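What's in target-v5.tsv: TSV, C-alpha atoms and all ligand atoms
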chain	number	residue	atom	x	y	z
A	145	MET	CA	28.77	102.84	91.41
A	146	ASP	CA	31.99	103.35	93.31
A	147	PRO	CA	32.93	99.89	94.62
A	148	LEU	CA	35.20	101.45	97.25
A	149	THR	CA	32.12	102.66	99.16
A	150	LEU	CA	31.24	98.99	99.75
A	151	LEU	CA	34.49	98.26	101.56
A	152	ARG	CA	35.29	98.27	105.27
A	153	PRO	CA	36.20	101.84	106.19
A	154	ASP	CA	38.56	100.69	108.98
A	155	LEU	CA	40.90	99.32	106.30
A	156	ASP	CA	41.17	102.65	104.44
A	157	GLN	CA	44.26	103.67	106.36
A	158	LEU	CA	45.77	100.20	106.89
A	159	GLU	CA	49.51	100.49	107.21
A	160	GLU	CA	50.93	98.11	104.62
A	161	TYR	CA	53.09	95.19	105.70
A	162	VAL	CA	56.47	95.90	104.12
A	163	PRO	CA	57.74	92.64	102.67
A	164	VAL	CA	61.21	92.16	101.17
A	165	GLN	CA	61.34	92.76	97.44
A	166	PRO	CA	61.99	89.96	94.93
A	167	LEU	CA	65.67	89.51	94.05
A	168	ASP	CA	65.32	90.31	90.34
A	169	VAL	CA	63.55	93.59	91.13
A	170	LEU	CA	66.25	94.54	93.62
A	171	ALA	CA	69.04	93.58	91.25
A	172	ARG	CA	67.54	95.79	88.55
A	173	GLU	CA	67.17	98.69	90.97
A	174	ILE	CA	70.72	98.39	92.28
A	175	GLY	CA	72.18	97.72	88.82
A	176	LEU	CA	73.96	94.48	89.73
A	177	PRO	CA	73.33	90.93	88.47
A	178	VAL	CA	71.28	88.73	90.85
A	179	GLU	CA	74.30	86.48	91.51
A	180	ARG	CA	76.23	89.44	92.91
A	181	LEU	CA	73.64	90.15	95.58
A	182	VAL	CA	74.24	89.00	99.16
A	183	LYS	CA	70.80	88.49	100.63
A	184	LEU	CA	71.05	89.03	104.37
A	185	ASP	CA	67.71	90.83	104.80
A	186	ALA	CA	65.06	88.13	105.30
A	187	ASN	CA	66.56	85.42	107.56
A	188	GLU	CA	66.38	82.78	104.84
A	189	ASN	CA	68.66	79.72	104.79
A	190	LEU	CA	71.14	80.64	102.05
A	191	TYR	CA	72.20	76.99	101.70
A	192	GLY	CA	68.76	76.46	100.13
A	193	PRO	CA	66.74	73.24	100.21
A	194	ILE	CA	68.59	69.92	100.24
A	195	PRO	CA	68.60	68.00	96.90
A	196	GLU	CA	66.34	65.27	98.36
A	197	VAL	CA	63.56	67.87	98.82
A	198	VAL	CA	63.90	69.16	95.27
A	199	GLU	CA	63.83	65.58	93.97
A	200	ALA	CA	60.73	64.74	96.04
A	201	ILE	CA	58.82	67.73	94.67
A	202	THR	CA	59.69	66.69	91.13
A	203	HIS	CA	57.92	63.38	91.68
A	204	ALA	CA	54.91	64.70	93.62
A	205	ASP	CA	51.38	64.23	92.24
A	206	LEU	CA	50.87	67.87	91.36
A	207	HIS	CA	47.61	67.20	89.49
A	208	ILE	CA	45.87	65.89	92.65
A	209	TYR	CA	44.48	68.12	95.41
A	210	PRO	CA	46.29	67.90	98.72
A	211	ASP	CA	44.82	66.08	101.72
A	212	PRO	CA	42.70	68.61	103.65
A	213	GLY	CA	43.13	66.46	106.78
A	214	GLN	CA	46.94	66.66	106.37
A	215	ALA	CA	47.23	63.13	107.82
A	216	ALA	CA	50.76	62.29	106.63
A	217	LEU	CA	52.08	65.78	107.32
A	218	ARG	CA	50.60	65.99	110.82
A	219	GLU	CA	52.05	62.60	111.69
A	220	ALA	CA	55.53	63.52	110.41
A	221	ILE	CA	55.50	66.88	112.23
A	222	ALA	CA	54.25	65.24	115.42
A	223	GLY	CA	57.22	62.86	115.36
A	224	TYR	CA	59.59	65.76	114.71
A	225	ALA	CA	58.16	68.06	117.40
A	226	GLY	CA	57.49	65.39	120.03
A	227	VAL	CA	53.71	65.82	120.21
A	228	ARG	CA	50.64	63.87	119.02
A	229	PRO	CA	49.33	64.33	115.43
A	230	GLU	CA	46.01	65.69	116.80
A	231	GLN	CA	47.98	68.63	118.23
A	232	VAL	CA	49.36	69.70	114.83
A	233	VAL	CA	47.83	71.99	112.18
A	234	GLY	CA	49.69	72.69	108.93
A	235	GLY	CA	49.51	76.02	107.19
A	236	THR	CA	50.69	78.17	104.30
A	237	GLY	CA	53.67	79.24	106.37
A	238	ALA	CA	53.44	80.26	110.02
A	239	ASP	CA	51.72	83.42	108.74
A	240	ASP	CA	48.64	81.37	107.83
A	241	LEU	CA	48.42	79.99	111.38
A	242	ILE	CA	48.57	83.52	112.84
A	243	ASP	CA	45.59	84.36	110.66
A	244	ILE	CA	43.70	81.16	111.57
A	245	VAL	CA	44.14	81.78	115.30
A	246	LEU	CA	42.95	85.36	114.91
A	247	ARG	CA	39.90	84.37	112.91
A	248	LEU	CA	39.04	81.68	115.43
A	249	VAL	CA	38.95	84.26	118.25
A	250	MET	CA	38.13	87.52	116.40
A	251	PRO	CA	39.48	89.40	119.44
A	252	LYS	CA	38.63	93.03	120.09
A	253	ALA	CA	42.26	93.55	121.06
A	254	VAL	CA	45.59	91.70	120.87
A	255	VAL	CA	48.96	92.17	122.57
A	256	ASN	CA	52.03	92.84	120.47
A	257	VAL	CA	55.34	92.79	122.38
A	258	THR	CA	57.38	95.31	120.43
A	259	PRO	CA	59.71	95.41	118.62
A	260	THR	CA	58.64	92.17	117.00
A	261	PHE	CA	57.56	90.50	113.78
A	262	GLY	CA	55.17	92.81	111.89
A	263	MET	CA	52.68	90.20	110.77
A	264	TYR	CA	50.89	89.89	114.15
A	265	GLY	CA	49.80	93.53	114.16
A	266	PHE	CA	49.08	93.55	110.43
A	267	LEU	CA	46.80	90.48	110.47
A	268	ALA	CA	45.17	91.54	113.75
A	269	LYS	CA	44.14	94.87	112.19
A	270	ILE	CA	42.69	93.08	109.18
A	271	CYS	CA	40.58	91.05	111.64
A	272	GLY	CA	39.36	94.34	113.10
A	273	ALA	CA	41.33	94.01	116.35
A	274	ARG	CA	42.96	96.84	118.25
A	275	VAL	CA	46.67	96.23	118.66
A	276	ILE	CA	48.01	96.99	122.14
A	277	ASP	CA	51.77	97.45	121.87
A	278	VAL	CA	53.69	96.50	125.02
A	279	PRO	CA	57.27	97.73	124.50
A	280	ARG	CA	60.12	95.50	125.65
A	281	LEU	CA	62.30	96.48	128.58
A	282	GLU	CA	66.08	96.86	128.86
A	283	GLY	CA	67.82	94.09	126.89
A	284	PHE	CA	64.54	93.52	124.99
A	285	ALA	CA	63.05	91.42	127.81
A	286	PRO	CA	59.23	91.21	127.68
A	287	ASP	CA	57.35	93.43	130.12
A	288	ILE	CA	55.21	90.77	131.83
A	289	PRO	CA	53.27	93.23	134.09
A	290	GLY	CA	52.65	95.34	130.95
A	291	ILE	CA	51.26	92.29	129.13
A	292	ARG	CA	49.05	91.47	132.15
A	293	LYS	CA	47.70	95.00	132.12
A	294	ALA	CA	46.87	94.76	128.40
A	295	VAL	CA	44.99	91.49	128.97
A	296	GLU	CA	43.11	93.13	131.85
A	297	ALA	CA	42.23	95.91	129.38
A	298	GLY	CA	40.55	93.33	127.13
A	299	ALA	CA	43.20	91.71	124.88
A	300	ARG	CA	42.30	88.07	124.20
A	301	VAL	CA	45.32	87.01	122.11
A	302	VAL	CA	48.95	87.60	123.15
A	303	PHE	CA	51.72	87.20	120.58
A	304	LEU	CA	55.16	86.25	121.85
A	305	THR	CA	58.17	85.19	119.80
A	306	SER	CA	61.09	83.01	120.85
A	307	PRO	CA	63.68	83.72	119.55
A	308	ASN	CA	62.18	87.09	118.73
A	309	ASN	CA	62.50	88.77	115.35
A	310	PRO	CA	64.29	91.22	115.10
A	311	THR	CA	66.04	91.08	118.49
A	312	GLY	CA	67.16	87.42	118.44
A	313	THR	CA	66.37	87.14	122.14
A	314	SER	CA	64.54	84.12	123.62
A	315	LEU	CA	61.83	83.85	126.25
A	316	SER	CA	62.58	81.96	129.42
A	317	GLU	CA	60.21	79.17	130.43
A	318	ALA	CA	59.25	81.21	133.51
A	319	GLU	CA	58.36	84.27	131.39
A	320	ALA	CA	56.31	82.15	128.97
A	321	ALA	CA	54.53	80.37	131.84
A	322	ALA	CA	53.69	83.69	133.52
A	323	VAL	CA	51.95	84.85	130.33
A	324	CYS	CA	50.18	81.50	129.88
A	325	GLU	CA	48.59	82.00	133.33
A	326	LEU	CA	46.66	84.97	131.90
A	327	PRO	CA	43.08	84.58	130.57
A	328	ALA	CA	44.08	84.86	126.89
A	329	LEU	CA	45.14	82.69	124.00
A	330	VAL	CA	48.95	82.81	124.05
A	331	VAL	CA	50.69	82.36	120.71
A	332	ILE	CA	54.42	81.67	120.98
A	333	ASP	CA	56.07	81.90	117.60
A	334	GLU	CA	59.12	79.62	117.40
A	335	ALA	CA	59.96	80.31	113.73
A	336	TYR	CA	63.69	80.33	114.63
A	337	VAL	CA	63.74	77.65	117.33
A	338	GLU	CA	66.00	75.29	115.37
A	339	PHE	CA	68.79	77.87	115.69
A	340	SER	CA	68.33	78.29	119.46
A	341	GLY	CA	67.79	74.63	120.27
A	342	HIS	CA	65.41	75.21	123.16
A	343	SER	CA	61.69	75.03	122.65
A	344	LEU	CA	58.80	75.92	124.94
A	345	THR	CA	56.77	72.88	123.77
A	346	PRO	CA	56.95	71.27	127.28
A	347	LEU	CA	54.53	74.03	128.37
A	348	LEU	CA	51.84	72.53	126.10
A	349	ALA	CA	51.31	69.84	128.74
A	350	ARG	CA	50.47	72.52	131.32
A	351	TYR	CA	48.58	75.18	129.35
A	352	ARG	CA	45.57	74.54	127.09
A	353	ASN	CA	45.58	78.21	126.03
A	354	LEU	CA	49.04	77.95	124.42
A	355	VAL	CA	49.62	77.73	120.65
A	356	ILE	CA	53.17	77.29	119.39
A	357	LEU	CA	53.96	78.26	115.81
A	358	ARG	CA	56.80	76.83	113.74
A	359	THR	CA	57.90	76.95	110.11
A	360	PHE	CA	59.99	75.22	107.47
A	361	SER	CA	60.93	78.63	106.01
A	362	LYS	CA	64.03	79.20	108.11
A	363	TRP	CA	65.88	76.04	109.19
A	364	ALA	CA	64.80	73.90	106.19
A	365	GLY	CA	65.30	76.58	103.52
A	366	LEU	CA	61.70	76.33	102.23
A	367	ALA	CA	60.52	79.95	102.59
A	368	GLY	CA	59.38	80.04	98.96
A	369	LEU	CA	57.13	76.99	99.35
A	370	ARG	CA	55.17	78.40	102.32
A	371	VAL	CA	54.76	75.68	104.91
A	372	GLY	CA	54.45	76.08	108.66
A	373	TYR	CA	52.47	74.56	111.51
A	374	SER	CA	51.02	75.03	114.96
A	375	LEU	CA	51.24	72.83	118.04
A	376	SER	CA	48.46	73.09	120.62
A	377	ASP	CA	45.84	71.36	122.69
A	378	PRO	CA	44.04	68.84	120.40
A	379	GLU	CA	40.64	70.49	120.86
A	380	LEU	CA	42.04	73.83	119.79
A	381	ALA	CA	43.75	72.13	116.83
A	382	THR	CA	40.43	70.57	115.79
A	383	ARG	CA	38.81	74.00	115.79
A	384	MET	CA	41.69	75.42	113.76
A	385	MET	CA	41.45	72.55	111.26
A	386	ALA	CA	37.73	73.29	110.91
A	387	ILE	CA	38.18	76.89	109.74
A	388	LYS	CA	41.40	76.71	107.72
A	389	GLN	CA	41.32	76.79	103.93
A	390	PRO	CA	40.93	73.08	103.08
A	391	TYR	CA	43.97	72.99	100.79
A	392	ASN	CA	46.20	75.43	102.67
A	393	VAL	CA	49.28	73.20	102.41
A	394	ASN	CA	49.88	72.49	98.75
A	395	VAL	CA	51.16	69.15	97.45
A	396	ALA	CA	54.72	70.40	96.82
A	397	ALA	CA	54.95	72.03	100.26
A	398	ASP	CA	53.57	68.91	101.94
A	399	VAL	CA	56.04	66.53	100.32
A	400	ALA	CA	58.90	69.00	100.83
A	401	ALA	CA	58.18	69.35	104.56
A	402	ARG	CA	57.96	65.59	105.07
A	403	THR	CA	61.17	65.03	103.14
A	404	ALA	CA	62.94	67.71	105.16
A	405	ILE	CA	61.88	65.94	108.36
A	406	ALA	CA	63.06	62.60	107.01
A	407	HIS	CA	66.47	64.14	106.22
A	408	ARG	CA	66.69	66.46	109.20
A	409	GLY	CA	70.17	65.27	110.13
A	410	VAL	CA	71.64	66.71	106.91
A	411	ILE	CA	69.72	69.98	107.27
A	412	ARG	CA	70.89	70.31	110.88
A	413	GLU	CA	74.44	70.48	109.52
A	414	THR	CA	73.57	73.69	107.65
A	415	VAL	CA	71.77	74.99	110.75
A	416	ALA	CA	74.96	74.38	112.76
A	417	ALA	CA	77.02	76.06	110.02
A	418	ILE	CA	74.73	79.12	110.10
A	419	VAL	CA	74.96	79.35	113.90
A	420	ALA	CA	78.78	79.14	113.67
A	421	GLU	CA	78.73	81.80	110.95
A	422	ARG	CA	76.52	84.03	113.11
A	423	GLU	CA	79.16	83.89	115.82
A	424	ARG	CA	82.00	84.62	113.35
A	425	MET	CA	80.02	87.52	111.88
A	426	VAL	CA	79.42	88.98	115.35
A	427	ARG	CA	83.11	88.64	116.26
A	428	LEU	CA	84.34	90.30	113.05
A	429	ILE	CA	81.75	93.07	113.08
A	430	ALA	CA	82.33	93.85	116.77
A	431	GLU	CA	86.01	94.45	115.89
A	432	LEU	CA	84.94	97.34	113.63
A	433	GLY	CA	83.84	99.14	116.80
A	434	TRP	CA	80.72	100.91	115.48
A	435	LEU	CA	78.17	98.11	115.30
A	436	GLU	CA	77.11	96.74	118.67
A	437	PRO	CA	75.46	93.27	118.54
A	438	VAL	CA	72.44	92.23	120.58
A	439	PRO	CA	73.18	88.62	121.72
A	440	SER	CA	71.14	86.43	119.36
A	441	GLU	CA	69.85	82.86	119.42
A	442	ALA	CA	68.43	83.03	115.89
A	443	ASN	CA	69.91	83.07	112.36
A	444	PHE	CA	70.27	86.86	112.38
A	445	VAL	CA	71.70	89.55	114.62
A	446	LEU	CA	70.39	92.99	115.49
A	447	PHE	CA	73.17	95.57	115.61
A	448	ARG	CA	73.03	99.03	117.16
A	449	VAL	CA	74.73	101.51	114.86
A	450	LEU	CA	77.04	103.92	116.70
A	451	GLY	CA	78.12	107.27	115.25
A	452	ARG	CA	76.38	106.75	111.90
A	453	ARG	CA	72.79	106.70	110.70
A	454	ALA	CA	71.42	103.16	110.38
A	455	LYS	CA	69.60	104.07	107.18
A	456	ASP	CA	72.83	105.38	105.60
A	457	VAL	CA	74.57	102.12	106.47
A	458	ARG	CA	71.75	100.09	104.90
A	459	ASP	CA	71.85	102.25	101.77
A	460	ALA	CA	75.65	102.13	101.44
A	461	LEU	CA	75.64	98.33	101.78
A	462	ARG	CA	72.80	98.06	99.28
A	463	LYS	CA	74.77	99.97	96.67
A	464	GLN	CA	77.44	97.29	97.01
A	465	GLY	CA	74.86	94.51	96.61
A	466	VAL	CA	74.68	93.56	100.30
A	467	LEU	CA	71.10	93.56	101.57
A	468	VAL	CA	70.37	94.03	105.27
A	469	ARG	CA	67.18	95.05	107.10
A	470	TYR	CA	66.58	98.58	108.32
A	471	TYR	CA	63.46	99.60	110.27
A	472	ASP	CA	61.88	102.96	109.80
A	473	ARG	CA	60.40	103.07	113.31
A	474	PRO	CA	61.37	104.99	116.45
A	475	ASP	CA	62.14	102.00	118.72
A	476	LEU	CA	64.62	100.60	116.17
A	477	ALA	CA	65.79	103.87	114.66
A	478	ASN	CA	69.45	103.13	115.09
A	479	TYR	CA	69.54	99.43	114.42
A	480	ILE	CA	70.08	97.18	111.44
A	481	ARG	CA	69.37	93.45	111.33
A	482	ILE	CA	71.74	91.16	109.44
A	483	SER	CA	70.98	87.51	108.66
A	484	ALA	CA	73.73	84.93	109.08
A	485	GLY	CA	74.63	83.30	105.76
A	486	ARG	CA	77.47	81.20	104.39
A	487	PRO	CA	81.14	82.09	105.02
A	488	GLU	CA	81.38	83.80	101.61
A	489	ASP	CA	78.35	85.96	102.48
A	490	THR	CA	80.00	87.14	105.70
A	491	ASP	CA	83.19	87.89	103.77
A	492	ARG	CA	81.28	90.05	101.26
A	493	LEU	CA	79.45	91.79	104.11
A	494	LEU	CA	82.69	92.58	105.93
A	495	ALA	CA	84.34	93.86	102.75
A	496	ALA	CA	81.36	96.13	102.12
A	497	LEU	CA	81.41	97.44	105.71
A	498	ARG	CA	85.15	98.19	105.41
A	499	ASN	CA	84.56	100.01	102.10
A	500	LEU	CA	81.93	102.06	103.85
A	501	GLU	CA	84.48	103.02	106.55
A	502	ASP	CA	86.96	104.13	103.87
A	503	ALA	CA	84.37	106.19	101.97
B	601	LIG	C1	58.93	85.46	113.91
B	601	LIG	C2	58.46	85.04	112.57
B	601	LIG	N1	57.36	84.28	112.46
B	601	LIG	C3	56.92	83.88	111.28
B	601	LIG	C4	57.56	84.23	110.12
B	601	LIG	C5	56.98	83.80	108.82
B	601	LIG	O1	57.05	82.44	108.70
B	601	LIG	P1	56.47	81.75	107.40
B	601	LIG	O2	57.45	81.96	106.30
B	601	LIG	O3	56.38	80.31	107.83
B	601	LIG	O4	55.13	82.34	107.13
B	601	LIG	C6	58.71	85.01	110.16
B	601	LIG	C7	59.38	85.40	108.92
B	601	LIG	O5	60.18	86.27	108.84
B	601	LIG	C8	59.16	85.43	111.43
B	601	LIG	O6	60.23	86.21	111.54

Give the structure from this file in structure tokens form.
Amino acid sequence: MDPLTLLRPDLDQLEEYVPVQPLDVLAREIGLPVERLVKLDANENLYGPIPEVVEAITHADLHIYPDPGQAALREAIAGYAGVRPEQVVGGTGADDLIDIVLRLVMPKAVVNVTPTFGMYGFLAKICGARVIDVPRLEGFAPDIPGIRKAVEAGARVVFLTSPNNPTGTSLSEAEAAAVCELPALVVIDEAYVEFSGHSLTPLLARYRNLVILRTFSKWAGLAGLRVGYSLSDPELATRMMAIKQPYNVNVAADVAARTAIAHRGVIRETVAAIVAERERMVRLIAELGWLEPVPSEANFVLFRVLGRRAKDVRDALRKQGVLVRYYDRPDLANYIRISAGRPEDTDRLLAALRNLEDA
């Protein structure tokens, strides 16, 4: 028999999530060695993990299953985030927590405040939910009345992001609180909060329907290990713990995350260096006169491309080994997003942009 006839028909036309390609594949395609590539397309920490993390993984008990209760991890994260361990749930990256929240609610509809991170809409569709897009207003501010209307139309989960990917813009506490007043589960994704320095966690004391997501992928340079977490009301956390895959945080990720927290002072130095480099990149690029930055609080900047096609800019940079993110969608048609890296990465980026001007 044809096994495809057994599958859910609503997934036939699922629009694929477009992830970044592995470096070796890209290098082969571009025809440059991996070490010549400047990877400014996925908001990773190009300083990489600190040596203490690598050392800790080397000595981890890799032959033993991880603790499904995540006791040590939840305690360490609680200390780091300023909450109680019962409020924390660890996951295979923040992506896993998005999925857990969705499966806990199985909403008929969710709110996506566009443009934003693609995983909310992608995972919502896999859960069978309708995705109600609420486009951002001037300056990429969230449209709070639009969100309210979508909740009134039946959405039970609202995804917000602060700072938002790809705009780099943060939510104010008043905006977040206004959404938390709505009868929906409100997920605020703070994947980039370490670069902005201001978190919405104080709202957890006021709103039991708020779930905050965080990750070690960005600030701690652990994207490849896949470890993130949620902060919420303890009862909600208990329900999330109950349905997660028991071993969703692997032993290496667990020990890496706890070591990163223990050595957060050192990692914060690279975070500060990346923020400083973001500002230098913006200053130098603005001088070119044809890339207009959106003010960012994250480790990347969205630029509006003036007088050229954004896709052509992405392609021309790619040929020179500099990878930036381009979005093939109408609301971002003339934008590219560039991650902040190390000083040498910015230098290569600027040289490639100047070459492009000369061409
Ligand atoms: C807003 C946002 N949330 C979550 C993630 C994914 O985080 P993780 O690597 O922890 O799954 C990303 C990654 O790009 C992101 O931009």

**OP:** Compile the contact shell of Ser440 of chain A as number ranges by chain: residues with an atom at most 10 Å away, counting all atoms listed in the file, same-chain residues fewer than 5 positions apart removed.
**Re:** A: 307-314, 339-340, 419, 422-423, 426, 445-446

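Distances from A:Leu170, A:Val162, A:Leu354, A:Leu500 to ligand LIG 601 (chain B) were compared using only C-alpha atoms and all ligand atoms, and the smallest one belongs to A:Val162.
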
Original post:
When the cut-off is 9 Å and you count only C-alpha atoms and all ligand atoms, which residues lie near ligand LIG 601 (chain B), shown as a PyMOL selection string?
Top reply: chain A and resi 186-188+235-242+260-264+304-310+333-336+357-362+366-373

Original post:
So, counting all atoms listed in the file, which residue among A:Leu344, A:Val438, A:Arg498, A:Arg350 is closest to Gly283 of chain A?
Top reply: A:Val438

**OP:** Find the residues near segment 174-182 of chain A: any atom within 8 Å, counting all atoms listed in the file, skip ones fewer than 5 places away on the same chain, and give them as a list of chain:residue names.
**Re:**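 After dropping sequence-adjacent residues, the list is A:Leu167, A:Asp168, A:Arg462, A:Lys463, A:Gly465, A:Val466, A:Leu467, A:Asp489, A:Arg492, A:Leu493.
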
Original post:
Rounded to one decimal in Å, what is the spacing between atom CA of Asp185 of chain A and atom CA of Arg412 of chain A?
Top reply: 21.6 Å

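Compared by their closest atoms to Gly409 of chain A, and using all atoms listed in the file, the residues A:Ala364, A:Ala253, A:Ala321, A:Ile244 rank with A:Ala364 nearest.
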
Original post:
Using only C-alpha atoms, which of A:Leu151, A:Ala171, A:Leu281, A:Val227 sits nearest Asp475 of chain A?
Top reply: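 Under the stated criterion, the closest residue is A:Leu281.
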